[in-house]
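Shown next, in structure tokens, is the structure this report addresses.
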Amino acid sequence: MTDVTRGAGPEAERSAGRGPLVVGLSWALAAAALAGYTARSWAVSTDITRFMADPGDVKMAAISRDLADSELARTWILSVRGADEAESMAAARELRMRLSDVPGLFFMDGSSGGDEGEAIHALYFPRRFFFFVDDPGAALSEAGLRAAARALLVELSSPTAPLIKQIAGADPLLLYPRLLRRLMAAQTGSLRPVEDALVSEDGAAIVLLGTTASPFESAAMQPLAAAIEGAFMEVGAAHEGRLRLEQSAVARFALAAEASIRADVARISTISTLGLIALFSLFFRSLWLIALVAAPLAFGVLAGLAATLGIFGEIHGVTLAFGATLIGVAIDYSVHLLNHHMLAAETGGAEACARRLWPGLALGALTTVAGFIGLAWTSFPGLREMAVFASVGVLGALAATRWALPALLPRRPQPGRAAVAAAARLRRLVGWMHERRRALLVGPAAAALVMAIGLPRVVFVDDVQALASVDAELLAEDERVRALVSRMDTGRFVVAIGGDDEEALARNDAVFERLTAAQAAGSIEALRSLHTLVPSAATQQARWAALRADPSLPARINAAFVAEGFRSGALAPFVAALADDPPPPLRPGDLLEGSPLAGIVRASRVTLGDEVGIVTLVRGVTDPEALRGALAGLEGVYVFDQGATMAAAYRGFRRRTIELAGVGLCAVFLLVLGRYRRLRVAAAAFAPALVAAGTTVGILGIVGAPLHLLHVVALLLVMSMGVDYGVFLAESRADPRGLAATVLSLVIACASTVLAFGLLGMSSSPALQALGTTVGIGVLLSLVLAPLTLVLLVRGDGEAR
């Protein structure tokens with residue numbers, strides 16, 4: 001066998017004088033501590049808002065984030081269908097009974113029991129004059145008052161006469177019954193109240209539920225989903241299988257996304273591990289060596305997990321899957337050390353080999369951290385998670401490679417035949433490349449051609465939905481159910497923002513007035529506003545004052561009603577109430593305290609830091625610009641198109657992320673230049689990564705693949721690994737045998753990365769697909785370009801050409 005040690009002596013029999021057992025136990029204890037902390041703090045999120053911008057950057061992005069956890073998002077709608085409407089209603093009642101005691105669920109449709117009518121009467125009847133919405137000039141004229149008297153006579157002969165008789169003397173203008181109709185419309189939308197149930201136009205019984213927890217808290221949502229399914233199975237069995245249940249809830253999409261990501265992570269981790277074992281078995285022949293190579297990676301992943309959980313309190317599923325791809329970077333260091341120890345060993349053993357390689361290993365890790373650290377300044381919590389995870393994970397793997405691995409490697413390196421043969425072939429390949437430098441120019445020329453063709457074709461998709469996969473059947477079911485309940489436009493609304501509830505409500509009053517005019521003009525088909533339930537205190541007081549402004553009103557209304565057949569003095573309760581001091585104006589807080597209308601208020605009111613937003617939903621917007629024009633000039637009022645707004649925000653944040661990545665690359669190049677102090681050597685270490693990233697983008701452009709934010713993150717990985725490849729080769733440029741070991745290290749590292757990321761490319765998650773495809777292509781190009789660039793720019797003896 002070829003002697004692969006550099007010199008011989010007693011030092012070759014030891015590993016730097018440190019006891020392997022002590023070192024191994026020390027690092028094992030550190031890993032156990034990190035694992036224990038990770039287990040105690042474990043919390044996984046699938047909340048897509050982690051990839052939305054922070055509220056401090058763009059107000060509309062903040063609104064979108066808050067809406068993602070608002071009452072709207074927490075609504076869970078159940079549609080129950082039986083053989084006929086009666087069976088649907090009966091089944092819905094039974095389902096409500098079974099769900100009434102489920103923790104974390106509450107009813108939003110007024111069907112949870114108790115006397116909601118009394119609660120609404122106590123809130124609104126004493127304040128009925130606050131909801132006098134008619135034109136006082138017309139409504140309080142003699143003709144208007146006589147028309148009101150005739151309307152009251154009609155009501156007194158209707159089926160609701162018993163109820164009307166109770167309030168007629170105190171409310172002859174029928175302000176309260178008209179208000180009740182508006183409240184009912186606001187509560188039920190397009191649904192019909194039938195007895196104690198809500199029924200859609202096609203006969204489905206609707207149950208409106210709310211969840212106390214966020215729809216993205218999977219630990220809370222999973223038992224709720226199971227409880228709903230279990231309750232329906234019991235009800236369905238009693239109806240002999242005639243029932244059909246359909247649901248609409250944001251939580252269902254979040255649970256499906258989490259299940260998909262968990263399955264992807266489990267599948268990818270399992271297959272990647274098996275593939276790596278096969279790959280390392282071919283070259284290292286020993287399960288112990290395979291375990292040693294993986295140990296620094298495992299330590300880095302534990303360190304990254306602990307840091308992420310400690311800083312953010314949870315870890316996103318995408319970041320977790322991203323952690324599996326840390327294999328591509330972190331494993332480079334241990335593979336590089338092991339190959340050099342086996343194929344180009346030092347007299348002082350693995351410790352001496354680690355000392356010789358340390359400058360290159362440290363530089364490679366620092367350039368990776370520099371590339372990722374810029375993400376810590378983005379406005380996306382999810383990307384900041386990735387930055388922390390990657391930076392801490394890489395540094396943890398580097399530390400374990402340098403100070404733990406050498407003491408555990410075998411004292412007498414015994415390279416396998418496959419490794420020796422591969423190194424020999426790679427050494428001959430490098431020699432062949434030196435002899436044919438001009439022919440190597442084909443590589444950069446081909447890369448330049450791909451970039452020239454592909455880069456102009458690149459299309460960025462700045463849409464958060466591009467990061468998530470949606471089950472088509474689940475989406476179709478969700479849309480069917482929502483169409484039964486609300487026909488308002490999805491993702492388009494108007495929001496009035498103020499420093500407190502009163503200011504926001506006052507601005508919302510102005511919005512309601514403008515939108516009502518727009519509806520009359522045909523610019524919109526319909527609107528749903530909180531103004532119906534609770535206008536501003538100033539508006540309420542102004543309406544009461546309008547009724548009291550004319551001191552002759554008591555006499556005139558008595559005369560008008562007497563002329564229509566009522567007895568004189570019958571309206572004394574109305575006159576007395578009008579003369580009394582008004583009650584306090586109705587405020588949102590009054591409706592939130594146990595009111596049947598609390599769900600509507602929570603759905604329409606969002607907290608934006610220190611401000612409050614009141615949301616108005618619209619339907620049938622024929623001209624978005626005309627809608628904006630109708631609301632122009634109103635302070636604190638925004639027309640919000642969720643898709644367009646978030647796309648604009650993401651566009652800006654993507655550009656900012658690219659700028660920060662550019663700053664990171666400048667820092668990387670300065671680190672490399674500071675190490676080698678020669679421009680050509682620094683370029684040989686740095687350029688392959690840059691060209692590989694550009695060529696990868698060019699290929700994606702040629703095949704027509706749209707790019708989004710996570711492609712940018714993936715390109716950072718490409719450049720991090722590409723710089724590692726270039727640095728490792730530059731460090732070995734004057735050592736032919738060491739260069740062969742380095743090239744073999746790069747081949748093994750590249751194979752492991754392509755294996756891991758290639759599997760990510762087959763994930764059902766678009767976010768993971770972007771990471772996998774981009775890094776898989778980019779790292780292959782880096783492997784080809786790194787030795788090619790070194791040969792073109794640096795002589796075989798290490799001198800720059």
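Chain lettering (A, B, ...) mirrors the order of the structure tokens, residue numbering begins at 1 for each chain separately, and ligand numbering begins at 1 in order of display.
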
Item to complete: Excluding A:Ser248 and residues on its chain fewer than 5 positions from it, collect all residues at most 10 Å away from it, counting only C-alpha atoms, and give them as JSON, numbers by chain.
Response: {"A": [75, 76, 77, 78, 79, 208, 253, 474, 475, 476, 477, 478, 479, 480, 481, 482]}

Worksheet entry | Surrounding residues of stretch 174-176 of chain A excluding itself and chain neighbours under 6 positions, 7 Å, only C-alpha atoms, as an NGL selection string | :A and (125 or 128 or 131-132)

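If you measure from each of A:Ala251, A:Leu793, A:Val754, A:Val668 to A:Glu217 using only C-alpha atoms, the closest one turns out to be A:Ala251.
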
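Surrounding stretch 35-41 of chain A within 7 Å are A:Ala31, A:Leu302, A:Leu305, A:Ala306, A:Leu309, with only C-alpha atoms counted and residues fewer than 4 positions along the same chain left out.
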
Writer output for current selection, N, CA, C and O atoms, as a PDB file, in the first residue's frame:
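Okay, result-v5.pdb is ready:
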ATOM      1  N   ALA A  31     -23.275  18.488  23.017  1.00  0.00           N
ATOM      2  CA  ALA A  31     -24.360  18.163  22.094  1.00  0.00           C
ATOM      3  C   ALA A  31     -25.617  17.750  22.850  1.00  0.00           C
ATOM      4  O   ALA A  31     -26.738  18.120  22.477  1.00  0.00           O
ATOM      5  N   LEU A 302     -27.762  21.043  15.716  1.00  0.00           N
ATOM      6  CA  LEU A 302     -28.264  21.244  17.078  1.00  0.00           C
ATOM      7  C   LEU A 302     -28.004  22.677  17.547  1.00  0.00           C
ATOM      8  O   LEU A 302     -28.868  23.302  18.174  1.00  0.00           O
ATOM      9  N   LEU A 305     -30.466  24.939  15.738  1.00  0.00           N
ATOM     10  CA  LEU A 305     -31.811  24.795  16.288  1.00  0.00           C
ATOM     11  C   LEU A 305     -31.943  25.498  17.634  1.00  0.00           C
ATOM     12  O   LEU A 305     -32.911  26.234  17.881  1.00  0.00           O
ATOM     13  N   ALA A 306     -30.954  25.271  18.516  1.00  0.00           N
ATOM     14  CA  ALA A 306     -31.014  25.881  19.844  1.00  0.00           C
ATOM     15  C   ALA A 306     -30.996  27.399  19.751  1.00  0.00           C
ATOM     16  O   ALA A 306     -31.750  28.088  20.452  1.00  0.00           O
ATOM     17  N   LEU A 309     -34.443  28.642  18.277  1.00  0.00           N
ATOM     18  CA  LEU A 309     -35.523  28.535  19.263  1.00  0.00           C
ATOM     19  C   LEU A 309     -35.322  29.527  20.404  1.00  0.00           C
ATOM     20  O   LEU A 309     -36.278  30.109  20.922  1.00  0.00           O
TER      21      LEU A 309
END

Find the spatial neighbours of A:Ala685, counting only C-alpha atoms, within a cut-off of 9 Å - ignore same-chain residues fewer than 5 positions away - and output them as a PDB file with C-alpha atoms, in the first residue's frame.
ATOM      1  CA  PHE A 669     -14.380  39.041  -1.499  1.00  0.00           C
ATOM      2  CA  VAL A 672     -10.647  36.263   0.453  1.00  0.00           C
ATOM      3  CA  ARG A 680      -5.720  36.538  -9.295  1.00  0.00           C
ATOM      4  CA  GLY A 722     -18.921  27.855  -4.333  1.00  0.00           C
ATOM      5  CA  VAL A 723     -16.592  30.094  -2.335  1.00  0.00           C
ATOM      6  CA  ASP A 724     -15.779  27.127  -0.071  1.00  0.00           C
ATOM      7  CA  TYR A 725     -14.782  25.137  -3.134  1.00  0.00           C
ATOM      8  CA  GLY A 726     -12.663  27.967  -4.473  1.00  0.00           C
ATOM      9  CA  VAL A 727     -10.974  28.617  -1.116  1.00  0.00           C
ATOM     10  CA  PHE A 728     -10.161  24.937  -0.526  1.00  0.00           C
ATOM     11  CA  LEU A 729      -8.579  24.690  -3.982  1.00  0.00           C
ATOM     12  CA  ALA A 730      -6.672  27.944  -3.551  1.00  0.00           C
ATOM     13  CA  ALA A 786     -13.767  26.013  -9.313  1.00  0.00           C
ATOM     14  CA  THR A 789     -10.866  28.853 -12.818  1.00  0.00           C
ATOM     15  CA  LEU A 790      -7.910  27.941 -10.609  1.00  0.00           C
TER      16      LEU A 790
END

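Each of A:Ser26, A:Thr532, A:Ser260, A:Ser272 was compared to A:Asp471 using only C-alpha atoms, and A:Ser260 turns out to be the nearest.
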
Worksheet item: Contacts of A:Leu746 at 7 Å or less, counting only C-alpha atoms, minus same-chain residues fewer than 4 places along, as number ranges by chain?
Response: A: 725, 742, 750, 783

Put those residues in a file: N, CA, C and O atoms, as an mmCIF file, in the first residue's frame.
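Listing of out36.cif after writing:
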data_model
loop_
_atom_site.group_PDB
_atom_site.id
_atom_site.type_symbol
_atom_site.label_atom_id
_atom_site.label_comp_id
_atom_site.auth_asym_id
_atom_site.auth_seq_id
_atom_site.Cartn_x
_atom_site.Cartn_y
_atom_site.Cartn_z
ATOM 1 N N TYR A 725 -15.525 25.930 -2.151
ATOM 2 C CA TYR A 725 -14.782 25.137 -3.134
ATOM 3 C C TYR A 725 -13.565 25.906 -3.622
ATOM 4 O O TYR A 725 -12.447 25.364 -3.721
ATOM 5 N N THR A 742 -8.051 17.534 -2.088
ATOM 6 C CA THR A 742 -9.052 18.595 -2.033
ATOM 7 C C THR A 742 -10.123 18.402 -3.102
ATOM 8 O O THR A 742 -11.326 18.550 -2.828
ATOM 9 N N CYS A 750 -19.957 17.805 -3.078
ATOM 10 C CA CYS A 750 -20.928 18.153 -4.113
ATOM 11 C C CYS A 750 -21.972 17.049 -4.262
ATOM 12 O O CYS A 750 -23.170 17.321 -4.381
ATOM 13 N N LEU A 783 -18.698 23.098 -8.744
ATOM 14 C CA LEU A 783 -17.702 22.029 -8.781
ATOM 15 C C LEU A 783 -16.921 22.047 -10.089
ATOM 16 O O LEU A 783 -15.703 21.824 -10.107
#
